[in-house]
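S.K.: One file is attached below, input-v6.txt, containing compact mmCIF, N, CA and C atoms.
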# COMPACT_ATOMS: atom_id res chain seq x y z
N MET A 1 -21.05 -4.84 3.84
CA MET A 1 -20.00 -5.77 3.50
C MET A 1 -19.39 -6.32 4.79
N SER A 2 -19.21 -7.60 4.83
CA SER A 2 -18.66 -8.22 6.05
C SER A 2 -17.15 -7.97 6.13
N ARG A 3 -16.63 -8.21 7.31
CA ARG A 3 -15.19 -8.05 7.53
C ARG A 3 -14.42 -9.01 6.63
N THR A 4 -14.89 -10.23 6.51
CA THR A 4 -14.23 -11.22 5.65
C THR A 4 -14.19 -10.75 4.21
N GLN A 5 -15.29 -10.19 3.74
CA GLN A 5 -15.33 -9.67 2.38
C GLN A 5 -14.38 -8.49 2.20
N ARG A 6 -14.34 -7.60 3.18
CA ARG A 6 -13.42 -6.46 3.11
C ARG A 6 -11.98 -6.93 3.04
N LYS A 7 -11.63 -7.92 3.87
CA LYS A 7 -10.27 -8.43 3.86
C LYS A 7 -9.93 -9.05 2.51
N ALA A 8 -10.88 -9.75 1.91
CA ALA A 8 -10.64 -10.33 0.58
C ALA A 8 -10.44 -9.24 -0.46
N VAL A 9 -11.24 -8.19 -0.39
CA VAL A 9 -11.09 -7.08 -1.33
C VAL A 9 -9.72 -6.43 -1.17
N TYR A 10 -9.29 -6.20 0.07
CA TYR A 10 -7.97 -5.60 0.31
C TYR A 10 -6.87 -6.46 -0.31
N LEU A 11 -6.95 -7.77 -0.12
CA LEU A 11 -5.90 -8.63 -0.64
C LEU A 11 -5.90 -8.67 -2.17
N VAL A 12 -7.07 -8.76 -2.78
CA VAL A 12 -7.14 -8.78 -4.25
C VAL A 12 -6.63 -7.47 -4.83
N LEU A 13 -7.08 -6.35 -4.27
CA LEU A 13 -6.62 -5.05 -4.77
C LEU A 13 -5.13 -4.84 -4.50
N GLY A 14 -4.65 -5.33 -3.37
CA GLY A 14 -3.23 -5.21 -3.06
C GLY A 14 -2.36 -5.99 -4.03
N ILE A 15 -2.81 -7.18 -4.39
CA ILE A 15 -2.06 -7.99 -5.36
C ILE A 15 -2.09 -7.32 -6.73
N ALA A 16 -3.28 -6.93 -7.16
CA ALA A 16 -3.40 -6.26 -8.47
C ALA A 16 -2.61 -4.95 -8.49
N GLY A 17 -2.68 -4.21 -7.37
CA GLY A 17 -1.97 -2.93 -7.28
C GLY A 17 -0.47 -3.09 -7.22
N GLY A 18 -0.01 -4.26 -6.89
CA GLY A 18 1.42 -4.54 -6.91
C GLY A 18 1.91 -5.08 -8.24
N VAL A 19 1.09 -5.92 -8.86
CA VAL A 19 1.49 -6.56 -10.12
C VAL A 19 1.37 -5.63 -11.32
N LEU A 20 0.23 -4.98 -11.46
CA LEU A 20 -0.01 -4.19 -12.68
C LEU A 20 0.98 -3.04 -12.89
N PRO A 21 1.31 -2.24 -11.87
CA PRO A 21 2.31 -1.20 -12.11
C PRO A 21 3.67 -1.77 -12.52
N TRP A 22 4.02 -2.93 -11.95
CA TRP A 22 5.32 -3.51 -12.29
C TRP A 22 5.34 -4.14 -13.67
N VAL A 23 4.18 -4.45 -14.24
CA VAL A 23 4.14 -4.90 -15.63
C VAL A 23 4.69 -3.78 -16.51
N PHE A 24 4.24 -2.56 -16.23
CA PHE A 24 4.68 -1.42 -17.03
C PHE A 24 6.09 -0.97 -16.65
N ALA A 25 6.40 -0.96 -15.37
CA ALA A 25 7.76 -0.61 -14.94
C ALA A 25 8.76 -1.63 -15.48
N GLY A 26 8.35 -2.87 -15.52
CA GLY A 26 9.21 -3.93 -16.06
C GLY A 26 9.60 -3.68 -17.50
N ARG A 27 8.69 -3.08 -18.26
CA ARG A 27 9.01 -2.76 -19.66
C ARG A 27 10.17 -1.77 -19.75
N VAL A 28 10.17 -0.80 -18.83
CA VAL A 28 11.26 0.19 -18.81
C VAL A 28 12.58 -0.51 -18.53
N PHE A 29 12.61 -1.34 -17.49
CA PHE A 29 13.84 -2.01 -17.10
C PHE A 29 14.26 -3.07 -18.13
N ALA A 30 13.28 -3.75 -18.73
CA ALA A 30 13.59 -4.75 -19.75
C ALA A 30 14.20 -4.13 -20.99
N SER A 31 13.91 -2.87 -21.23
CA SER A 31 14.48 -2.19 -22.41
C SER A 31 15.91 -1.73 -22.16
N GLY A 32 16.45 -2.04 -20.99
CA GLY A 32 17.83 -1.69 -20.69
C GLY A 32 17.99 -0.39 -19.93
N GLN A 33 16.89 0.26 -19.61
CA GLN A 33 16.98 1.51 -18.85
C GLN A 33 17.07 1.19 -17.36
N GLY A 34 17.65 2.11 -16.61
CA GLY A 34 17.85 1.89 -15.19
C GLY A 34 16.89 2.71 -14.34
N LEU A 35 17.16 2.72 -13.05
CA LEU A 35 16.30 3.41 -12.09
C LEU A 35 16.23 4.90 -12.38
N TRP A 36 17.37 5.53 -12.68
CA TRP A 36 17.36 6.98 -12.95
C TRP A 36 16.54 7.30 -14.20
N ASP A 37 16.62 6.42 -15.19
CA ASP A 37 15.81 6.61 -16.40
C ASP A 37 14.32 6.52 -16.05
N PHE A 38 14.00 5.53 -15.22
CA PHE A 38 12.62 5.34 -14.80
C PHE A 38 12.10 6.58 -14.08
N LEU A 39 12.90 7.08 -13.15
CA LEU A 39 12.48 8.28 -12.40
C LEU A 39 12.37 9.49 -13.32
N GLY A 40 13.26 9.59 -14.31
CA GLY A 40 13.16 10.67 -15.28
C GLY A 40 11.87 10.60 -16.09
N LEU A 41 11.48 9.38 -16.45
CA LEU A 41 10.22 9.20 -17.19
C LEU A 41 9.01 9.56 -16.32
N ALA A 42 9.15 9.33 -15.02
CA ALA A 42 8.03 9.62 -14.11
C ALA A 42 7.73 11.11 -14.01
N VAL A 43 8.69 11.94 -14.40
CA VAL A 43 8.48 13.39 -14.36
C VAL A 43 8.78 14.02 -15.73
N ALA A 44 8.58 13.23 -16.78
CA ALA A 44 8.95 13.66 -18.14
C ALA A 44 8.05 14.76 -18.70
N ASN A 45 6.85 14.89 -18.18
CA ASN A 45 5.94 15.93 -18.66
C ASN A 45 5.02 16.31 -17.50
N PRO A 46 4.25 17.39 -17.66
CA PRO A 46 3.40 17.84 -16.54
C PRO A 46 2.40 16.79 -16.05
N ALA A 47 1.85 16.00 -16.95
CA ALA A 47 0.88 14.98 -16.52
C ALA A 47 1.57 13.90 -15.68
N ALA A 48 2.72 13.43 -16.15
CA ALA A 48 3.45 12.41 -15.40
C ALA A 48 3.91 12.95 -14.05
N THR A 49 4.35 14.20 -14.04
CA THR A 49 4.78 14.82 -12.78
C THR A 49 3.63 14.93 -11.80
N ALA A 50 2.45 15.30 -12.30
CA ALA A 50 1.27 15.41 -11.43
C ALA A 50 0.94 14.06 -10.80
N VAL A 51 0.99 12.99 -11.59
CA VAL A 51 0.71 11.65 -11.05
C VAL A 51 1.78 11.24 -10.05
N ALA A 52 3.06 11.49 -10.38
CA ALA A 52 4.15 11.13 -9.48
C ALA A 52 4.04 11.88 -8.14
N LEU A 53 3.71 13.17 -8.21
CA LEU A 53 3.54 13.94 -6.98
C LEU A 53 2.35 13.45 -6.17
N ASP A 54 1.25 13.14 -6.84
CA ASP A 54 0.07 12.64 -6.15
C ASP A 54 0.39 11.34 -5.42
N ILE A 55 1.08 10.44 -6.10
CA ILE A 55 1.45 9.16 -5.47
C ILE A 55 2.41 9.39 -4.31
N SER A 56 3.35 10.30 -4.48
CA SER A 56 4.32 10.59 -3.41
C SER A 56 3.62 11.12 -2.17
N PHE A 57 2.74 12.09 -2.36
CA PHE A 57 2.04 12.65 -1.20
C PHE A 57 1.04 11.64 -0.62
N SER A 58 0.41 10.85 -1.46
CA SER A 58 -0.50 9.81 -0.97
C SER A 58 0.25 8.80 -0.12
N THR A 59 1.47 8.48 -0.53
CA THR A 59 2.30 7.55 0.25
C THR A 59 2.61 8.13 1.62
N ALA A 60 2.95 9.41 1.66
CA ALA A 60 3.24 10.06 2.95
C ALA A 60 2.01 10.08 3.84
N VAL A 61 0.87 10.42 3.29
CA VAL A 61 -0.37 10.46 4.08
C VAL A 61 -0.74 9.06 4.57
N ALA A 62 -0.67 8.08 3.69
CA ALA A 62 -1.01 6.70 4.07
C ALA A 62 -0.04 6.19 5.13
N GLY A 63 1.24 6.52 4.98
CA GLY A 63 2.23 6.09 5.97
C GLY A 63 1.98 6.70 7.32
N PHE A 64 1.66 7.98 7.35
CA PHE A 64 1.37 8.65 8.61
C PHE A 64 0.13 8.05 9.26
N PHE A 65 -0.93 7.84 8.47
CA PHE A 65 -2.15 7.23 9.00
C PHE A 65 -1.87 5.83 9.54
N ALA A 66 -1.15 5.03 8.77
CA ALA A 66 -0.87 3.65 9.17
C ALA A 66 -0.05 3.61 10.46
N TRP A 67 0.95 4.49 10.56
CA TRP A 67 1.78 4.53 11.75
C TRP A 67 0.94 4.89 12.98
N ARG A 68 0.11 5.92 12.86
CA ARG A 68 -0.73 6.35 13.99
C ARG A 68 -1.76 5.27 14.35
N GLU A 69 -2.39 4.72 13.35
CA GLU A 69 -3.42 3.71 13.59
C GLU A 69 -2.81 2.43 14.18
N ALA A 70 -1.64 2.05 13.70
CA ALA A 70 -0.97 0.86 14.22
C ALA A 70 -0.62 1.04 15.70
N ARG A 71 -0.18 2.23 16.06
CA ARG A 71 0.12 2.50 17.48
C ARG A 71 -1.16 2.50 18.30
N ARG A 72 -2.20 3.13 17.79
CA ARG A 72 -3.47 3.22 18.53
C ARG A 72 -4.07 1.84 18.78
N LEU A 73 -4.05 0.99 17.77
CA LEU A 73 -4.67 -0.33 17.88
C LEU A 73 -3.70 -1.43 18.30
N GLU A 74 -2.41 -1.05 18.46
CA GLU A 74 -1.37 -2.01 18.82
C GLU A 74 -1.33 -3.18 17.83
N ILE A 75 -1.23 -2.83 16.55
CA ILE A 75 -1.17 -3.83 15.49
C ILE A 75 0.26 -4.36 15.43
N ARG A 76 0.40 -5.65 15.61
CA ARG A 76 1.72 -6.28 15.58
C ARG A 76 2.14 -6.58 14.14
N GLY A 77 3.44 -6.47 13.88
CA GLY A 77 3.99 -6.84 12.58
C GLY A 77 3.76 -5.84 11.46
N VAL A 78 3.29 -4.65 11.82
CA VAL A 78 2.96 -3.67 10.79
C VAL A 78 4.20 -3.16 10.06
N TRP A 79 5.39 -3.41 10.60
CA TRP A 79 6.64 -3.00 9.96
C TRP A 79 6.75 -3.56 8.55
N ILE A 80 6.09 -4.70 8.27
CA ILE A 80 6.19 -5.32 6.95
C ILE A 80 5.66 -4.40 5.85
N CYS A 81 4.82 -3.46 6.23
CA CYS A 81 4.26 -2.54 5.22
C CYS A 81 5.30 -1.58 4.67
N ALA A 82 6.31 -1.23 5.45
CA ALA A 82 7.34 -0.28 4.99
C ALA A 82 8.09 -0.80 3.77
N PRO A 83 8.65 -2.02 3.81
CA PRO A 83 9.33 -2.49 2.60
C PRO A 83 8.38 -2.75 1.43
N LEU A 84 7.11 -2.99 1.73
CA LEU A 84 6.14 -3.20 0.65
C LEU A 84 5.91 -1.92 -0.15
N LEU A 85 6.26 -0.77 0.43
CA LEU A 85 6.15 0.48 -0.33
C LEU A 85 7.05 0.47 -1.55
N VAL A 86 8.11 -0.35 -1.52
CA VAL A 86 8.98 -0.49 -2.69
C VAL A 86 8.22 -1.20 -3.81
N VAL A 87 7.32 -2.10 -3.44
CA VAL A 87 6.51 -2.81 -4.44
C VAL A 87 5.48 -1.85 -5.00
N ALA A 88 4.65 -1.29 -4.13
CA ALA A 88 3.62 -0.33 -4.56
C ALA A 88 2.87 0.17 -3.34
N LEU A 89 2.45 1.42 -3.39
CA LEU A 89 1.61 1.97 -2.33
C LEU A 89 0.35 1.14 -2.17
N ALA A 90 -0.25 0.75 -3.27
CA ALA A 90 -1.49 -0.04 -3.21
C ALA A 90 -1.28 -1.34 -2.44
N THR A 91 -0.15 -1.96 -2.62
CA THR A 91 0.13 -3.22 -1.91
C THR A 91 0.33 -2.96 -0.42
N ALA A 92 1.17 -1.99 -0.09
CA ALA A 92 1.45 -1.70 1.32
C ALA A 92 0.18 -1.27 2.05
N LEU A 93 -0.60 -0.41 1.44
CA LEU A 93 -1.82 0.07 2.09
C LEU A 93 -2.83 -1.06 2.23
N ALA A 94 -2.97 -1.90 1.22
CA ALA A 94 -3.92 -3.01 1.30
C ALA A 94 -3.52 -3.99 2.39
N VAL A 95 -2.23 -4.28 2.51
CA VAL A 95 -1.76 -5.19 3.57
C VAL A 95 -2.02 -4.57 4.93
N PHE A 96 -1.74 -3.27 5.07
CA PHE A 96 -2.02 -2.60 6.34
C PHE A 96 -3.51 -2.69 6.68
N LEU A 97 -4.37 -2.39 5.73
CA LEU A 97 -5.82 -2.42 6.00
C LEU A 97 -6.28 -3.83 6.34
N TRP A 98 -5.69 -4.84 5.71
CA TRP A 98 -6.00 -6.23 6.04
C TRP A 98 -5.59 -6.52 7.48
N MET A 99 -4.38 -6.08 7.86
CA MET A 99 -3.90 -6.28 9.23
C MET A 99 -4.78 -5.54 10.23
N ARG A 100 -5.22 -4.36 9.85
CA ARG A 100 -6.09 -3.55 10.72
C ARG A 100 -7.41 -4.28 10.95
N GLU A 101 -7.99 -4.83 9.88
CA GLU A 101 -9.25 -5.59 10.03
C GLU A 101 -9.05 -6.78 10.96
N ASN A 102 -7.92 -7.48 10.82
CA ASN A 102 -7.64 -8.61 11.72
C ASN A 102 -7.56 -8.14 13.17
N ARG A 103 -6.90 -7.02 13.39
CA ARG A 103 -6.77 -6.50 14.76
C ARG A 103 -8.13 -6.08 15.32
N LEU A 104 -8.94 -5.42 14.52
CA LEU A 104 -10.28 -5.02 14.98
C LEU A 104 -11.11 -6.26 15.33
N GLU A 105 -10.94 -7.30 14.56
CA GLU A 105 -11.63 -8.56 14.83
C GLU A 105 -11.17 -9.14 16.17
N GLU A 106 -9.85 -9.11 16.42
CA GLU A 106 -9.31 -9.57 17.71
C GLU A 106 -9.89 -8.77 18.86
N LEU A 107 -9.89 -7.47 18.70
CA LEU A 107 -10.40 -6.61 19.77
C LEU A 107 -11.88 -6.87 20.07
N GLU A 108 -12.65 -7.14 19.03
CA GLU A 108 -14.06 -7.46 19.25
C GLU A 108 -14.21 -8.76 20.02
N ARG A 109 -13.39 -9.76 19.70
CA ARG A 109 -13.45 -11.04 20.41
C ARG A 109 -13.03 -10.91 21.86
N GLU A 110 -12.07 -10.01 22.11
CA GLU A 110 -11.55 -9.81 23.48
C GLU A 110 -12.47 -8.95 24.34
N ALA A 111 -13.35 -8.18 23.71
CA ALA A 111 -14.21 -7.26 24.46
C ALA A 111 -15.18 -8.05 25.32
N PRO A 112 -15.40 -7.59 26.54
CA PRO A 112 -16.36 -8.29 27.41
C PRO A 112 -17.77 -8.17 26.85
N ALA A 113 -18.50 -9.22 27.01
CA ALA A 113 -19.89 -9.23 26.55
C ALA A 113 -20.73 -8.27 27.40
N PRO A 114 -21.67 -7.57 26.77
CA PRO A 114 -22.49 -6.62 27.53
C PRO A 114 -23.44 -7.28 28.49
Would you kindly transcribe this structure into structure tokens?
M.R.:
Amino acid sequence: MSRTQRKAVYLVLGIAGGVLPWVFAGRVFASGQGLWDFLGLAVANPAATAVALDISFSTAVAGFFAWREARRLEIRGVWICAPLLVVALATALAVFLWMRENRLEELEREAPAP
């Protein structure tokens, strides 16, 4: 898969990963429930708690990786991924991976020819 194709996949999945969860979250808020109600539903039973914990730990792991990788590759503007975590982990991670691909592309162009 080419870099251009990977970047397109990241953007499509990031958009879908941001929109689809909010379709369902929107139902909770549209019914008049608030943030605390939403969080209560996220841990309402063992299955929901397992998913909520998995997403929470995945967010921490992805954030740590993104922070380290952004420093290593000197990716500019990566701070935008932090507020995107409010939208969805899938969106923030996809945007970071898209930015990472752009940076790797820059580095390849800057590398001296053999």
S.K.: Just checking: using only C-alpha atoms, which residue out of A:Arg100, A:Leu39, A:Ala113, A:Gly17 ends up closest to A:Glu69?
M.R.: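 The shortest atom-to-atom distance to A:Glu69 comes from A:Arg100.
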S.K.: To one decimal in Å, tell me the separation between atom CA of A:Ala88 and atom CA of A:Ala30.
M.R.: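 Computed distance, atom CA of A:Ala88 to atom CA of A:Ala30, equals 18.7 Å.
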S.K.: Could you tell me how far atom N of A:Leu89 sits from atom N of A:Phe57, in Å to one decimal place?
M.R.: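 Separation between atom N of A:Phe57 and atom N of A:Leu89: 10.7 Å.
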S.K.: In chain A, what's alpha helix (DSSP H) per DSSP? Answer as a PyMOL selection string?
M.R.: chain A and resi 3-30+35-42+46-73+81-87+89-110
S.K.: By how many Å are atom N of A:Ala8 and atom CA of A:Ala92 apart?
M.R.: 14.7 Å
S.K.: Ranking A:Leu73, A:Val23, A:Ala66, A:Asn45 by minimum distance to A:Leu97 and counting all atoms listed in the file, which one comes first?
M.R.: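 Looking at the shortest contact to A:Leu97, the residue is A:Ala66.
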S.K.: Write out as a PyMOL selection string each polymer residue whose atoms come within 12 Å of A:Asp37, counting only C-alpha atoms; drop sequence neighbours fewer than 6 positions from it.
M.R.: chain A and resi 25+28-29+31+43-44
S.K.: Counting only C-alpha atoms, which residues have an atom no more than 12 Å from (-7.4, -5.7, 0.9) in the file's coordinates? Please list them as an NGL selection string.
M.R.: :A and (3-18 or 90-102)
